[in-house]
2 protein chains.
Amino acid sequence: MLSIAQNLDEQDILAPLREQFYIPANTIYLDGNSLGPLPVAAKERAINVVNQQWGDDLITSWNKHAWIDLPRQCGELIAPVIGAAPGQVICCDSISVNLFKVLSGALRMQAGRNKVITTADNFPTDIYVIEGLKQQLGEANCELVLCEESDIEAQLDESIAILLLTQVNFRSGRLLDMQRITELAHASGILVIWDLAHSAGALPVKLDDCKVDFAVGCTYKYLNGGPGAPAFIYVAERHQSAFQQPLSGWMGHATPFSFDSAYTPVAGVKQNLSGTPAVIAMSVLEAALKLWSNVDMLQVRQKSMAMGEFFLECLKACGLDEEFTCVSPDAATERGSQLAFQHEHAYAICQAWIAAGVIADFRAPDLLRIGFTPLYISFEELWLAAEKLQKIVSGQTYLASKYQQKLAVT
Amino acid sequence: MLSIAQNLDEQDILAPLREQFYIPANTIYLDGNSLGPLPVAAKERAINVVNQQWGDDLITSWNKHAWIDLPRQCGELIAPVIGAAPGQVICCDSISVNLFKVLSGALRMQAGRNKVITTADNFPTDIYVIEGLKQQLGEANCELVLCEESDIEAQLDESIAILLLTQVNFRSGRLLDMQRITELAHASGILVIWDLAHSAGALPVKLDDCKVDFAVGCTYKYLNGGPGAPAFIYVAERHQSAFQQPLSGWMGHATPFSFDSAYTPVAGVKQNLSGTPAVIAMSVLEAALKLWSNVDMLQVRQKSMAMGEFFLECLKACGLDEEFTCVSPDAATERGSQLAFQHEHAYAICQAWIAAGVIADFRAPDLLRIGFTPLYISFEELWLAAEKLQKIVSGQTYLASKYQQKLAVT
């Protein structure tokens with residue numbers, strides 16, 4: 001398997017991109033789907049924004065270093081990665097806060113309908129935000145409907161106001177058919193919000209082509225923007241004049257520096273801004289995002305799918321394919337850029353694997369989740385990771401009490 | 001005046017704190033009320049959180065470097081600065097977003113009342129957020145009432161649900177009487193939210209003593225947390241069981257890592273968390289906040305008032321006291337830590353002053369705003385700044401076209 005891996009690495013046209021990241025020595029990082037590693041450019045920008053821009057130029061940097069334009073600038077860098085023409089993406093706040101904005105604004109556009117439908121296995125924030133809005137508006141105005149992933153299409157009728165879906169399931173990695181589902185929803189007059197947390201930077205996303213209405217996403221996973229980096233929001237151009245979100249802070253005003261006492265939202269997607277932008281975080285993110293201008297998302301997808309398939313082969317070669325039950329779809333085309341395996345001891349195995357230098361992650365209650373990030377991971381690393389996993393399982397080293405103890409963040 | 005200034009500096013017990021900040025050479029910084037300068041400790045932390053914590057330890061830092069605890073940790077560092085016992089302050093999001101949370105949650109607690117009153121001259125975000133909520137809930141559930149600062153007390157009756165005030169007016173610097181106004185409001189059953197944007201770190205704030213209900217504030221001004229640093233939120237302990245905010249993201253869940261599909265808010269102020277915390281920004285902020293453990297807010301207030309008085313003397317000595325109309329209250333005890341002056345050419349004068357090495361700021365339409373930040377500014381600097389201002393005014397250098405041209409951010 002090693003020579004197969006090395007051969008695949010030799011043919012990998014994305015391999016040179018690895019140099020643009022700091023990957024710690026003796027670490028195989030299979031968790032870029034939780035937190036992307038540090039890009040070299042982001043490190044340099046962090047030092048520059050703190051020392052020169054904040055330290056030396058102080059308040060003048062709002063103009064001098066265009067701090068005020070960072071939300072738009074980051075949005076425009078994200079746009080091509082998710083298939084959006086300019087003027088539709090802005091960077092701000094967290095996914096949770098942005099979801100509240102689009103959900104509120106979209107629901108207002110659906111007078112006479114109150115149902116917001118999402119999947120029962122969606123990432124918690126997506127469901128909680130609907131619950132929060134329901135509590136605020138009352139169930140007559142906002143009703144939460146949960147359905148199974150397999151049942152989405154059957155649920156789409158004219159009683160539904162909003163369909164909120166995450167394109168790639170955070171647990172199983174199942175990839176939903178954005179084009180088909182959006183089209184079906186539109187046929188019933190439903191507005192569709194896609195959460196791109198596990199798809200932006202992981203696979204080609206085609207928001208404009210799929211005629212998506214709204215989207216949100218985070219930048220700290222596959223986009224490598226840094227821990228807790230600002231999120232983004234997409235509002236299709238055709239909705240921008242009708243859409244208005246409720247978190248109307250001064251940065252979403254048409255003329256914030258006139259300090260008017262009446263709120264006049266700025267035209268376009270920028271009205272999703274609320275408070276003062278997170279300058280340091282957004283500067284680091286901007287540097288990380290510039291990397292994508294040289295990346296072909298089709299190549300990323302190709303390598304990502306190949307990595308998933310290769311890792312399954314590695315597990316087989318190590319005799320682990322029955323030990324771990326794969327809960328991700330069989331076909332690579334139906335998966336995002338991750339695989340998830342069920343195992344009674346998933347948590348402890350993950351801890352033991354980390355101790356052996358392979359970082360993957362655990363998702364409650366019993367899933368071991370492995371992310372494939374084509375910009376900086378090699379096939380050889382996947383093989384080495386599988387070998388280490390084999391040792392842990394065969395030696396049952398994960399049974400050591402130090403690996404069983406649950407930490408605050410799992 | 002120079003020798004008076006030098007004498008005051010010699011007696012200044014806060015003077016040694018200046019060493020904890022980077023203040024650029026040849027710069028007199030009178031704008032710490034817009035953006036605090038870079039603390040030495042914050043610079044070190046920025047490099048550490050990016051290189052070591054993100055770069056080397058990657059995802060394991062959520063536990064290893066207690067990233068998950070940053071919102072609480074920063075909140076507890078802010079608490080004593082604003083007169084709050086532990087367990088009532090949490091750090092998250094922006095003031096605008098936090099205001100939406102407290103306003104929504106507080107209004108829900110006031111069944112039968114719909115009026116939210118604030119001052120017409122309040123900082124725009126404060127007013128806009130009420131407008132946003134009004135639009136979302138309908139005027140029958142949320143009515144915005146604007147009043148003059150001088151008329152607040154007269155407006156407080158039992159028809160009002162919420163009183164939202166900024167303790168120090170961002171333009172005039174007028175300091176409102178938190179104790180008296182809160183007491184009066186409570187007598188009519190009104191819940192009070194204080195915006196501490198211009199008071200946290202500027203003067204002694206006594207939230208608990210004044211029995212304040214809720215407060216929000218930012219950390220990038222007097223608390224020196226960095227551009228766009230995360231804001232904070234205070235919920236008095238007595239309200240924490242009844243209060244529930246609508247931006248319910250996974251970080252406000254009782255057990256975020258169990259990934260339940262039903263939202264159960266965590267007990268206490270922590271339920272104000274919504275999405276993933278901004279780790280880099282909050283780490284930098286935490287380092288900046290640690291500085292306050294050695295600071296006596298009464299000494300800060302004393303020096304701040306002395307600086308305001310001294311600067312007025314400097315203007316007089318430079319023959320500028322009639323050129324600039326002071327719009328701040330006459331008595332130092334009625335002002336926050338700033339002075340504002342009206343001048344037809346305030347914008348251009350501010351630009352020319354910046355070019356001469358003195359950074360103050362302009363607020364539309366015609367105010368020159370000067371901040372006094374006792375941790376790192378000396379009396380000698382105030383005198384030198386006044387002298388430079390005198391030269392600009394007497395030579396009318398501000399009339400040069402380069403100083404007239406308005407930049408994007410004023």
# chains A, B, ... in the order shown; residues from 1 in each chain; ligands from 1
>>> residues_around(residues="segment 218-235 of chain A", least_positions_apart="5", cutoff="7 Å", atoms="only C-alpha atoms", output="PyMOL selection string")
(chain A and resi 32-38+75+88-95+98+197+200-202+213+240+269+281-282+284-285+288-289) or (chain B and resi 276-280)
>>> interface_residues(of="chain A", to="chain B", cutoff="7 Å", atoms="only C-alpha atoms", output="PyMOL selection string")
chain A and resi 22+24+35+37-38+43+47+50+54-56+58-59+62-63+93-97+100+120+124-125+127-129+132-133+136-137+227-229+246-250+257-263+274-281+364+407-410
>>> atom_distance(atom1="atom CA of Cys318 of chain A", atom2="atom CA of Gln390 of chain A")
6.1 Å
>>> select_by_dssp(residues="segment 182-342 of chain B", states="strand (DSSP E)", output="PyMOL selection string")
chain B and resi 191-195+214-217+232-235+325-326+338-342
>>> atom_distance(atom1="atom CA of Ile13 of chain B", atom2="atom CA of Asp296 of chain B")
10.3 Å
>>> residues_around(residues="Phe379 of chain B", least_positions_apart="3", cutoff="9 Å", atoms="only C-alpha atoms", output="ChimeraX atom specification")
/B:2,4-9,307,310-311,382-384
>>> closest_residue(among="B:Ile160, B:Ala106, B:Ala41, B:Leu291", to="Val81 of chain B", atoms="only C-alpha atoms")
B:Leu291
>>> select_by_dssp(residues="segment 319-405 of chain A", states="helix (DSSP H, G or I)", output="PyMOL selection string")
chain A and resi 332-334+346-355+379-395+397-399+401-404
>>> write_last_selection(atoms="N, CA, C and O atoms", output="CSV table (one decimal), in the first residue's frame")
chain,number,residue,atom,x,y,z
A,332,ALA,N,-18.4,7.4,-3.4
A,332,ALA,CA,-17.6,8.6,-3.1
A,332,ALA,C,-18.3,9.8,-3.6
A,332,ALA,O,-18.2,10.9,-2.9
A,333,THR,N,-19.1,9.7,-4.6
A,333,THR,CA,-19.8,10.9,-5.1
A,333,THR,C,-21.0,11.3,-4.2
A,333,THR,O,-21.5,12.4,-4.4
A,334,GLU,N,-21.3,10.5,-3.3
A,334,GLU,CA,-22.4,10.8,-2.4
A,334,GLU,C,-21.9,11.3,-1.0
A,334,GLU,O,-22.7,11.5,-0.1
A,346,ALA,N,-15.0,4.4,20.0
A,346,ALA,CA,-14.6,5.5,19.1
A,346,ALA,C,-13.8,6.6,19.9
A,346,ALA,O,-12.7,7.1,19.4
A,347,TYR,N,-14.3,7.0,21.0
A,347,TYR,CA,-13.7,8.1,21.7
A,347,TYR,C,-12.2,7.8,22.1
A,347,TYR,O,-11.3,8.5,21.9
A,348,ALA,N,-12.1,6.6,22.8
A,348,ALA,CA,-10.8,6.2,23.3
A,348,ALA,C,-9.8,5.9,22.2
A,348,ALA,O,-8.6,6.3,22.2
A,349,ILE,N,-10.3,5.4,21.1
A,349,ILE,CA,-9.5,5.1,20.0
A,349,ILE,C,-9.0,6.4,19.4
A,349,ILE,O,-7.8,6.5,19.0
A,350,CYS,N,-9.9,7.4,19.3
A,350,CYS,CA,-9.5,8.7,18.7
A,350,CYS,C,-8.4,9.3,19.6
A,350,CYS,O,-7.4,9.8,19.1
A,351,GLN,N,-8.5,9.2,20.9
A,351,GLN,CA,-7.5,9.7,21.8
A,351,GLN,C,-6.2,9.0,21.7
A,351,GLN,O,-5.1,9.6,21.7
A,352,ALA,N,-6.2,7.7,21.6
A,352,ALA,CA,-5.0,6.9,21.4
A,352,ALA,C,-4.3,7.2,20.1
A,352,ALA,O,-3.1,7.3,20.0
A,353,TRP,N,-5.1,7.5,19.0
A,353,TRP,CA,-4.6,7.8,17.7
A,353,TRP,C,-3.9,9.1,17.8
A,353,TRP,O,-2.8,9.3,17.2
A,354,ILE,N,-4.5,10.1,18.5
A,354,ILE,CA,-3.9,11.4,18.6
A,354,ILE,C,-2.6,11.3,19.3
A,354,ILE,O,-1.6,11.9,18.9
A,355,ALA,N,-2.5,10.5,20.4
A,355,ALA,CA,-1.3,10.3,21.1
A,355,ALA,C,-0.2,9.7,20.2
A,355,ALA,O,1.0,9.9,20.4
A,379,PHE,N,-1.4,10.9,0.3
A,379,PHE,CA,-1.8,9.5,0.4
A,379,PHE,C,-0.9,8.7,1.3
A,379,PHE,O,-1.4,7.8,2.0
A,380,GLU,N,0.4,9.0,1.3
A,380,GLU,CA,1.3,8.3,2.2
A,380,GLU,C,0.9,8.5,3.6
A,380,GLU,O,0.9,7.5,4.4
A,381,GLU,N,0.4,9.7,4.0
A,381,GLU,CA,0.0,9.9,5.3
A,381,GLU,C,-1.2,9.1,5.7
A,381,GLU,O,-1.4,8.6,6.8
A,382,LEU,N,-2.1,8.9,4.7
A,382,LEU,CA,-3.3,8.1,5.0
A,382,LEU,C,-2.9,6.6,5.3
A,382,LEU,O,-3.5,6.0,6.2
A,383,TRP,N,-1.9,6.1,4.6
A,383,TRP,CA,-1.5,4.8,4.8
A,383,TRP,C,-0.8,4.7,6.2
A,383,TRP,O,-1.1,3.8,7.0
A,384,LEU,N,0.0,5.6,6.5
A,384,LEU,CA,0.7,5.6,7.8
A,384,LEU,C,-0.3,5.7,8.9
A,384,LEU,O,-0.2,5.0,10.0
A,385,ALA,N,-1.3,6.5,8.7
A,385,ALA,CA,-2.4,6.7,9.7
A,385,ALA,C,-3.1,5.4,10.0
A,385,ALA,O,-3.4,5.0,11.1
A,386,ALA,N,-3.4,4.7,8.9
A,386,ALA,CA,-4.1,3.4,9.0
A,386,ALA,C,-3.3,2.4,9.7
A,386,ALA,O,-3.8,1.6,10.6
A,387,GLU,N,-2.0,2.4,9.4
A,387,GLU,CA,-1.1,1.4,10.1
A,387,GLU,C,-1.1,1.7,11.6
A,387,GLU,O,-1.1,0.8,12.4
A,388,LYS,N,-1.0,3.0,12.0
A,388,LYS,CA,-1.0,3.3,13.4
A,388,LYS,C,-2.3,2.9,14.1
A,388,LYS,O,-2.4,2.4,15.2
A,389,LEU,N,-3.4,3.1,13.3
A,389,LEU,CA,-4.7,2.7,13.8
A,389,LEU,C,-4.8,1.1,14.1
A,389,LEU,O,-5.3,0.7,15.1
A,390,GLN,N,-4.2,0.5,13.1
A,390,GLN,CA,-4.2,-1.0,13.2
A,390,GLN,C,-3.4,-1.4,14.5
A,390,GLN,O,-3.9,-2.3,15.2
A,391,LYS,N,-2.3,-0.8,14.8
A,391,LYS,CA,-1.6,-1.1,16.0
A,391,LYS,C,-2.4,-0.9,17.3
A,391,LYS,O,-2.4,-1.6,18.2
A,392,ILE,N,-3.1,0.3,17.3
A,392,ILE,CA,-3.9,0.7,18.4
A,392,ILE,C,-5.0,-0.3,18.7
A,392,ILE,O,-5.3,-0.7,19.8
A,393,VAL,N,-5.6,-0.8,17.6
A,393,VAL,CA,-6.7,-1.7,17.7
A,393,VAL,C,-6.2,-3.1,18.1
A,393,VAL,O,-6.7,-3.7,19.0
A,394,SER,N,-5.2,-3.6,17.4
A,394,SER,CA,-4.7,-4.9,17.7
A,394,SER,C,-4.1,-5.0,19.1
A,394,SER,O,-4.3,-6.0,19.8
A,395,GLY,N,-3.5,-3.9,19.5
A,395,GLY,CA,-2.8,-4.0,20.9
A,395,GLY,C,-3.8,-3.5,21.9
A,395,GLY,O,-3.5,-3.5,23.1
A,397,THR,N,-4.5,-0.7,22.9
A,397,THR,CA,-3.9,0.3,23.7
A,397,THR,C,-4.9,1.4,24.1
A,397,THR,O,-4.8,2.0,25.1
A,398,TYR,N,-6.0,1.5,23.4
A,398,TYR,CA,-7.0,2.5,23.7
A,398,TYR,C,-7.8,2.2,25.0
A,398,TYR,O,-8.4,3.1,25.5
A,399,LEU,N,-7.6,1.0,25.5
A,399,LEU,CA,-8.3,0.7,26.8
A,399,LEU,C,-7.6,1.3,28.0
A,399,LEU,O,-8.2,1.4,29.0
A,401,SER,N,-6.7,3.8,30.7
A,401,SER,CA,-7.6,4.8,31.3
A,401,SER,C,-7.4,6.2,30.8
A,401,SER,O,-8.4,7.0,30.7
A,402,LYS,N,-6.2,6.6,30.5
A,402,LYS,CA,-5.9,7.9,30.0
A,402,LYS,C,-6.7,8.3,28.7
A,402,LYS,O,-6.9,9.4,28.4
A,403,TYR,N,-7.0,7.3,28.0
A,403,TYR,CA,-7.7,7.5,26.7
A,403,TYR,C,-9.2,7.5,26.9
A,403,TYR,O,-9.9,7.9,26.0
A,404,GLN,N,-9.6,6.9,28.0
A,404,GLN,CA,-11.1,6.8,28.2
A,404,GLN,C,-11.7,8.1,28.8
A,404,GLN,O,-12.9,8.3,28.7
>>> residues_around(residues="Ala187 of chain A", least_positions_apart="3", cutoff="12 Å", atoms="only C-alpha atoms", output="VMD selection string")
chain A and resid 153 156 to 158 160 180 to 184 190 to 192
>>> write_last_selection(atoms="C-alpha atoms", output="PDB file, in the first residue's frame")
ATOM      1  CA  GLU A 153     -38.079  15.381  -0.833  1.00  0.00           C
ATOM      2  CA  LEU A 156     -41.665  19.507   0.335  1.00  0.00           C
ATOM      3  CA  ASP A 157     -45.134  20.931  -0.157  1.00  0.00           C
ATOM      4  CA  GLU A 158     -46.748  24.336  -0.247  1.00  0.00           C
ATOM      5  CA  ILE A 160     -43.444  24.875   3.981  1.00  0.00           C
ATOM      6  CA  ARG A 180     -32.302  18.726  -7.275  1.00  0.00           C
ATOM      7  CA  ILE A 181     -33.547  19.574  -3.798  1.00  0.00           C
ATOM      8  CA  THR A 182     -33.438  23.335  -4.400  1.00  0.00           C
ATOM      9  CA  GLU A 183     -35.387  22.874  -7.623  1.00  0.00           C
ATOM     10  CA  LEU A 184     -37.985  20.685  -5.931  1.00  0.00           C
ATOM     11  CA  ILE A 190     -40.176  27.213  -0.671  1.00  0.00           C
ATOM     12  CA  LEU A 191     -37.104  29.363  -0.032  1.00  0.00           C
ATOM     13  CA  VAL A 192     -33.951  27.340   0.536  1.00  0.00           C
TER      14      VAL A 192
END
>>> atom_distance(atom1="atom CA of Leu207 of chain B", atom2="atom CA of Gly268 of chain B")
16.9 Å
>>> decode(residues="segment 87-108 of chain B", atoms="N, CA and C atoms", output="PDB file, in the first residue's frame")
ATOM      1  N   GLY B  87     -19.731  35.368  37.602  1.00  0.00           N
ATOM      2  CA  GLY B  87     -20.871  34.599  37.085  1.00  0.00           C
ATOM      3  C   GLY B  87     -21.929  35.419  36.370  1.00  0.00           C
ATOM      4  N   GLN B  88     -21.634  36.671  36.037  1.00  0.00           N
ATOM      5  CA  GLN B  88     -22.666  37.513  35.423  1.00  0.00           C
ATOM      6  C   GLN B  88     -22.231  38.138  34.096  1.00  0.00           C
ATOM      7  N   VAL B  89     -20.954  37.947  33.737  1.00  0.00           N
ATOM      8  CA  VAL B  89     -20.454  38.573  32.509  1.00  0.00           C
ATOM      9  C   VAL B  89     -19.874  37.499  31.595  1.00  0.00           C
ATOM     10  N   ILE B  90     -20.207  37.583  30.313  1.00  0.00           N
ATOM     11  CA  ILE B  90     -19.632  36.649  29.350  1.00  0.00           C
ATOM     12  C   ILE B  90     -19.222  37.431  28.110  1.00  0.00           C
ATOM     13  N   CYS B  91     -18.173  36.952  27.468  1.00  0.00           N
ATOM     14  CA  CYS B  91     -17.606  37.672  26.337  1.00  0.00           C
ATOM     15  C   CYS B  91     -18.026  36.979  25.041  1.00  0.00           C
ATOM     16  N   CYS B  92     -18.578  37.739  24.106  1.00  0.00           N
ATOM     17  CA  CYS B  92     -19.036  37.138  22.856  1.00  0.00           C
ATOM     18  C   CYS B  92     -19.511  38.188  21.861  1.00  0.00           C
ATOM     19  N   ASP B  93     -19.475  37.851  20.593  1.00  0.00           N
ATOM     20  CA  ASP B  93     -20.103  38.640  19.533  1.00  0.00           C
ATOM     21  C   ASP B  93     -19.778  40.136  19.635  1.00  0.00           C
ATOM     22  N   SER B  94     -20.631  40.958  19.015  1.00  0.00           N
ATOM     23  CA  SER B  94     -20.445  42.417  19.040  1.00  0.00           C
ATOM     24  C   SER B  94     -21.504  43.049  19.941  1.00  0.00           C
ATOM     25  N   ILE B  95     -21.340  44.330  20.252  1.00  0.00           N
ATOM     26  CA  ILE B  95     -22.362  45.016  21.054  1.00  0.00           C
ATOM     27  C   ILE B  95     -23.716  44.915  20.351  1.00  0.00           C
ATOM     28  N   SER B  96     -23.735  45.139  19.058  1.00  0.00           N
ATOM     29  CA  SER B  96     -25.001  45.134  18.323  1.00  0.00           C
ATOM     30  C   SER B  96     -25.735  43.804  18.515  1.00  0.00           C
ATOM     31  N   VAL B  97     -25.021  42.715  18.301  1.00  0.00           N
ATOM     32  CA  VAL B  97     -25.627  41.394  18.443  1.00  0.00           C
ATOM     33  C   VAL B  97     -26.039  41.146  19.897  1.00  0.00           C
ATOM     34  N   ASN B  98     -25.177  41.540  20.826  1.00  0.00           N
ATOM     35  CA  ASN B  98     -25.505  41.334  22.240  1.00  0.00           C
ATOM     36  C   ASN B  98     -26.707  42.171  22.674  1.00  0.00           C
ATOM     37  N   LEU B  99     -26.818  43.367  22.131  1.00  0.00           N
ATOM     38  CA  LEU B  99     -27.972  44.203  22.450  1.00  0.00           C
ATOM     39  C   LEU B  99     -29.255  43.541  21.974  1.00  0.00           C
ATOM     40  N   PHE B 100     -29.192  42.949  20.799  1.00  0.00           N
ATOM     41  CA  PHE B 100     -30.374  42.242  20.290  1.00  0.00           C
ATOM     42  C   PHE B 100     -30.774  41.124  21.249  1.00  0.00           C
ATOM     43  N   LYS B 101     -29.777  40.412  21.756  1.00  0.00           N
ATOM     44  CA  LYS B 101     -30.064  39.331  22.699  1.00  0.00           C
ATOM     45  C   LYS B 101     -30.734  39.856  23.968  1.00  0.00           C
ATOM     46  N   VAL B 102     -30.094  40.823  24.638  1.00  0.00           N
ATOM     47  CA  VAL B 102     -30.657  41.272  25.920  1.00  0.00           C
ATOM     48  C   VAL B 102     -31.990  41.972  25.729  1.00  0.00           C
ATOM     49  N   LEU B 103     -32.090  42.736  24.664  1.00  0.00           N
ATOM     50  CA  LEU B 103     -33.329  43.458  24.415  1.00  0.00           C
ATOM     51  C   LEU B 103     -34.479  42.466  24.182  1.00  0.00           C
ATOM     52  N   SER B 104     -34.220  41.453  23.366  1.00  0.00           N
ATOM     53  CA  SER B 104     -35.245  40.441  23.092  1.00  0.00           C
ATOM     54  C   SER B 104     -35.633  39.707  24.374  1.00  0.00           C
ATOM     55  N   GLY B 105     -34.621  39.267  25.098  1.00  0.00           N
ATOM     56  CA  GLY B 105     -34.862  38.493  26.321  1.00  0.00           C
ATOM     57  C   GLY B 105     -35.556  39.329  27.388  1.00  0.00           C
ATOM     58  N   ALA B 106     -35.130  40.580  27.533  1.00  0.00           N
ATOM     59  CA  ALA B 106     -35.703  41.448  28.562  1.00  0.00           C
ATOM     60  C   ALA B 106     -37.156  41.789  28.233  1.00  0.00           C
ATOM     61  N   LEU B 107     -37.421  42.032  26.958  1.00  0.00           N
ATOM     62  CA  LEU B 107     -38.784  42.395  26.535  1.00  0.00           C
ATOM     63  C   LEU B 107     -39.760  41.242  26.818  1.00  0.00           C
ATOM     64  N   ARG B 108     -39.298  40.032  26.604  1.00  0.00           N
ATOM     65  CA  ARG B 108     -40.107  38.841  26.896  1.00  0.00           C
ATOM     66  C   ARG B 108     -40.489  38.771  28.368  1.00  0.00           C
TER      67      ARG B 108
END
